[in-house]
Amino acid sequence: MGHWPTLLVIAASLVLSNIGSISATPRLVCYFNSGASLRKGDGQFTVENIDPFLCTHLIFVSGIFNSIVSKGEPGSLDPTVKKFVLLKSKNPKLKLMLSVGSWIDFQSAQYTENVMGSNRANFAHSAAQFLARYGFDGLDFSWPWDFASPANDPKQFVRVLTALKDAFKSSGYLLSVAVTANQSISELSYDFPKIEALVDFVNLKSYNMTDISKSMADHHAPLYTRKWETSGVGSNNVDSVVSYWINKGVSISKLNVGIPFFGKSWTLSSDAYNPPAKALGPGPAGPLTNTQGELAFYEICRHVRVEKDFKAVRSESRLNGPIAYSLRTPGRIWVGYDDVDMVIHKGKYILSKNLGGAVVWDISMDDFRNTCGSGINPLLASLSRTLKVIGQNAELYVSASPDVSPHFILANMTITMLLLIFYSRRMYYL
Ligand SMILES: *[C@@H]1O[C@H](CO)[C@@H](O)[C@H](O)[C@H]1NC(C)=O
Ligand SMILES: *[C@@H]1O[C@H](CO)[C@@H](O)[C@H](O)[C@H]1NC(C)=O
């Protein structure tokens with residue numbers, strides 16, 4: 001009997017520590033490029049290929065802008081959108097968002113008129129109606145300011161966000177922004193305190209940071225400055241982008257670090273492969289993703305692990321992810337990318353800095369068919385485990401089960417123990 005108070009205190013503190021850790025669990029925001037459903041053969045990635053338990057947020061990308069403006073149905077995309085929102089019935093904790101403002105949207109006259117012009121309140125209202133009609137939880141505003149231009153007006157950007165925030169007030173929809181990693185462009189384009197006040201989180205596009213038209217092959221998403229970089233060039237990495245946004249006063253808990261599931265490729269002009277490597281131009285398009293200078297992770301791992309016509313080299317200090325180069329020369333192909341090891345390393349970086357989480361571009365480029373033999377979705381699953389998103393979903397399975405057999409209780413206790421071990425390891429990173 002005398003032990004009861006002690007036991008109660010222990011039990012209560014266990015519950016509290018669990019709650020405390022859960023509320024601090026990072027986000028894992030996953031972009032779903034709906035255009036990937038048009039890829040051929042093994043490249044085709046549809047809603048059916050999405051595992052609803054690996055991410056905390058899923059963002060549907062592209063093709064919806066015009067139907068928001070016209071208040072119409074999204075045409076041929078309608079069945080895809082309907083299937084996408086049904087993922088929530090599999091995992092009720094999942095947040096489903098819609099991305100608006102890609103390059104395709106941005107270049108249309110409709111966009112200028114409705115988003116950047118005086119129609120923006122109407123646009124925001126239509127967007128809220130669209131989210132409600134399909135059952136989305138929020139909107140990711142992706143203004144593609146990836147170049148410097150006098151048109152990058154911080155006031156205009158804030159006006160659009162304000163209109164969206166106002167339109168979302170009654171429903172409480174989430175609002176996020178996807179922003180460039182380029183700091184000189186950011187300096188011209190963003191009003192940081194206002195963005196901080198208006199959005200739930202910021203998706204830092206801390207990848208694609210190299211220019212494939214330049215005759216220099218380099219990793220497109222380094223974590224830190226590399227030894228060979230001179231000052232000035234050295235701002236082109238994840239840690240520098242993160243520090244920049246923190247220094248601008250944006251809450252660390254709102255910042256999601258962009259992690260690529262693709263590599264950037266070049267054709268080299270010599271056999272020397274150490275970055276920066278001399279290049280003739282962008283590498284050839286991949287057989288399934290069909291884009292010059294870019295390869296999906298599954299196209300890269302096929303070369304390295306299945307066909308073995310590429311050799312991968314990992315940087316020991318992990319200042320950047322691996323590079324892989326074709327063994328065939330001349331005309332050596334070179335690609336810089338993030339593998340499982342690097343994705344876990346970046347996940348630990350996010351935990352150590354107590355950042356909001358990760359955002360991945362995009363889940364259709366992971367090895368979702370296990371063509372390379374490391375399991376299904378090796379990048380996403382590793383990141384999800386590192387950020388403890390998978391652990392949370394296991395807990396969801398248990399509490400959703402009506403079964404109260406001794407096995408269930410035992411399983412529950414085991415899971416609680418595992419969670420505690422996970423969380424205490426998490427503390428270690430902090
Ligand atoms: C950032 O953008 C500016 C202007 O477009 C460009 O000159 C510069 O090279 C970019 N920086 C990086 C690191 O890509
Ligand atoms: C990378 O940037 C280029 C423009 O510099 C753009 O065309 C391409 O779509 C971007 N890729 C990704 C995956 O964001």
# chains A, B, ... in the order shown; residues from 1 in each chain; ligands from 1
$ residues_around --residues "A:Gly249" --least-positions-apart "4" --cutoff "12 Å" --atoms "only C-alpha atoms" --output "list in words"
Asp191, Phe192, Pro193, Lys194, Ile195, Glu196, Ala197, Val242, Ser243, Tyr244, Trp245, Ser253, Lys254 and Leu255 of chain A
$ select_by_dssp --residues "stretch 115-315 of chain A" --states "strand (DSSP E)" --output "ChimeraX atom specification"
/A:138-142,174-180,201-205,216-217,255-260,262-268,277-282,294-296,310-313
$ closest_atom_pairs --of "chain A" --to "ligand 2" --cutoff "12 Å" --atoms "only C-alpha atoms and all ligand atoms" --output "CSV"
residue,atom,partner,partner_atom_place_in_ligand_line,distance
A:Tyr31,CA,ligand 2,13 (C),10.8
A:Phe32,CA,ligand 2,13 (C),11.9
A:Asn33,CA,ligand 2,13 (C),10.0
A:Val61,CA,ligand 2,14 (O),11.9
A:Ser102,CA,ligand 2,9 (O),9.5
A:Trp103,CA,ligand 2,9 (O),8.1
A:Ile104,CA,ligand 2,9 (O),10.3
A:Ser142,CA,ligand 2,14 (O),11.3
A:Pro144,CA,ligand 2,6 (C),9.5
A:Trp145,CA,ligand 2,4 (C),10.1
A:Asp146,CA,ligand 2,5 (O),6.8
A:Phe147,CA,ligand 2,5 (O),8.1
A:Ala148,CA,ligand 2,5 (O),11.7
A:Ala178,CA,ligand 2,14 (O),10.9
A:Val179,CA,ligand 2,14 (O),11.1
A:Thr180,CA,ligand 2,14 (O),9.7
A:Ala181,CA,ligand 2,14 (O),10.9
A:Asn182,CA,ligand 2,5 (O),10.9
A:Leu204,CA,ligand 2,14 (O),11.4
A:Lys205,CA,ligand 2,14 (O),7.8
A:Ser206,CA,ligand 2,14 (O),9.7
A:Tyr207,CA,ligand 2,14 (O),7.4
A:Asn208,CA,ligand 2,1 (C),4.9
A:Met209,CA,ligand 2,1 (C),7.7
A:Thr210,CA,ligand 2,5 (O),8.0
A:Asp211,CA,ligand 2,5 (O),6.3
A:Ile212,CA,ligand 2,5 (O),7.7
A:Ser213,CA,ligand 2,5 (O),8.9
A:Lys214,CA,ligand 2,5 (O),11.0
A:His220,CA,ligand 2,1 (C),9.5
A:Ala221,CA,ligand 2,13 (C),11.4
A:Gly258,CA,ligand 2,14 (O),10.4
A:Ile259,CA,ligand 2,13 (C),10.6
A:Pro260,CA,ligand 2,13 (C),7.8
A:Phe261,CA,ligand 2,13 (C),8.9
A:Phe262,CA,ligand 2,13 (C),7.3
A:Gly263,CA,ligand 2,13 (C),8.8
A:Lys264,CA,ligand 2,1 (C),8.8
A:Ser265,CA,ligand 2,1 (C),11.6
A:Pro282,CA,ligand 2,3 (C),11.8
A:Thr289,CA,ligand 2,13 (C),11.1
A:Thr291,CA,ligand 2,9 (O),9.2
A:Gln292,CA,ligand 2,7 (O),10.0
A:Gly293,CA,ligand 2,1 (C),9.4
A:Glu294,CA,ligand 2,13 (C),7.8
A:Leu295,CA,ligand 2,13 (C),9.6
A:Ala296,CA,ligand 2,13 (C),9.6
A:Phe297,CA,ligand 2,13 (C),12.0
A:Tyr337,CA,ligand 2,13 (C),11.9
A:Val360,CA,ligand 2,13 (C),10.2
A:Trp361,CA,ligand 2,13 (C),6.7
A:Asp362,CA,ligand 2,13 (C),8.0
A:Ile363,CA,ligand 2,13 (C),11.6
A:Ser364,CA,ligand 2,13 (C),11.5
A:Met365,CA,ligand 2,13 (C),10.1
$ select_by_dssp --residues "stretch 163-395 of chain A" --states "helix (DSSP H, G or I)" --output "number ranges by chain"
A: 163-168, 183-189, 192-198, 233-235, 238-247, 252-254, 297-307, 340-352, 363-365, 378-386, 389-395
$ residues_around --residues "A:Phe368" --least-positions-apart "2" --cutoff "8 Å" --atoms "only C-alpha atoms" --output "list of chain:residue names"
A:Asn49, A:Tyr298, A:Ser364, A:Met365, A:Asp366, A:Asn370, A:Thr371, A:Ile376, A:Asn377, A:Pro378
$ write_last_selection --atoms "C-alpha atoms" --output "CSV table (one decimal), in the first residue's frame"
chain,number,residue,atom,x,y,z
A,49,ASN,CA,1.7,4.6,-53.5
A,298,TYR,CA,15.5,5.5,-57.3
A,364,SER,CA,7.5,10.2,-55.7
A,365,MET,CA,11.3,10.2,-56.0
A,366,ASP,CA,12.1,7.8,-53.1
A,370,ASN,CA,12.2,-1.2,-53.6
A,371,THR,CA,14.0,-1.5,-56.9
A,376,ILE,CA,10.2,0.4,-49.7
A,377,ASN,CA,10.6,4.2,-49.3
A,378,PRO,CA,14.1,3.8,-47.7
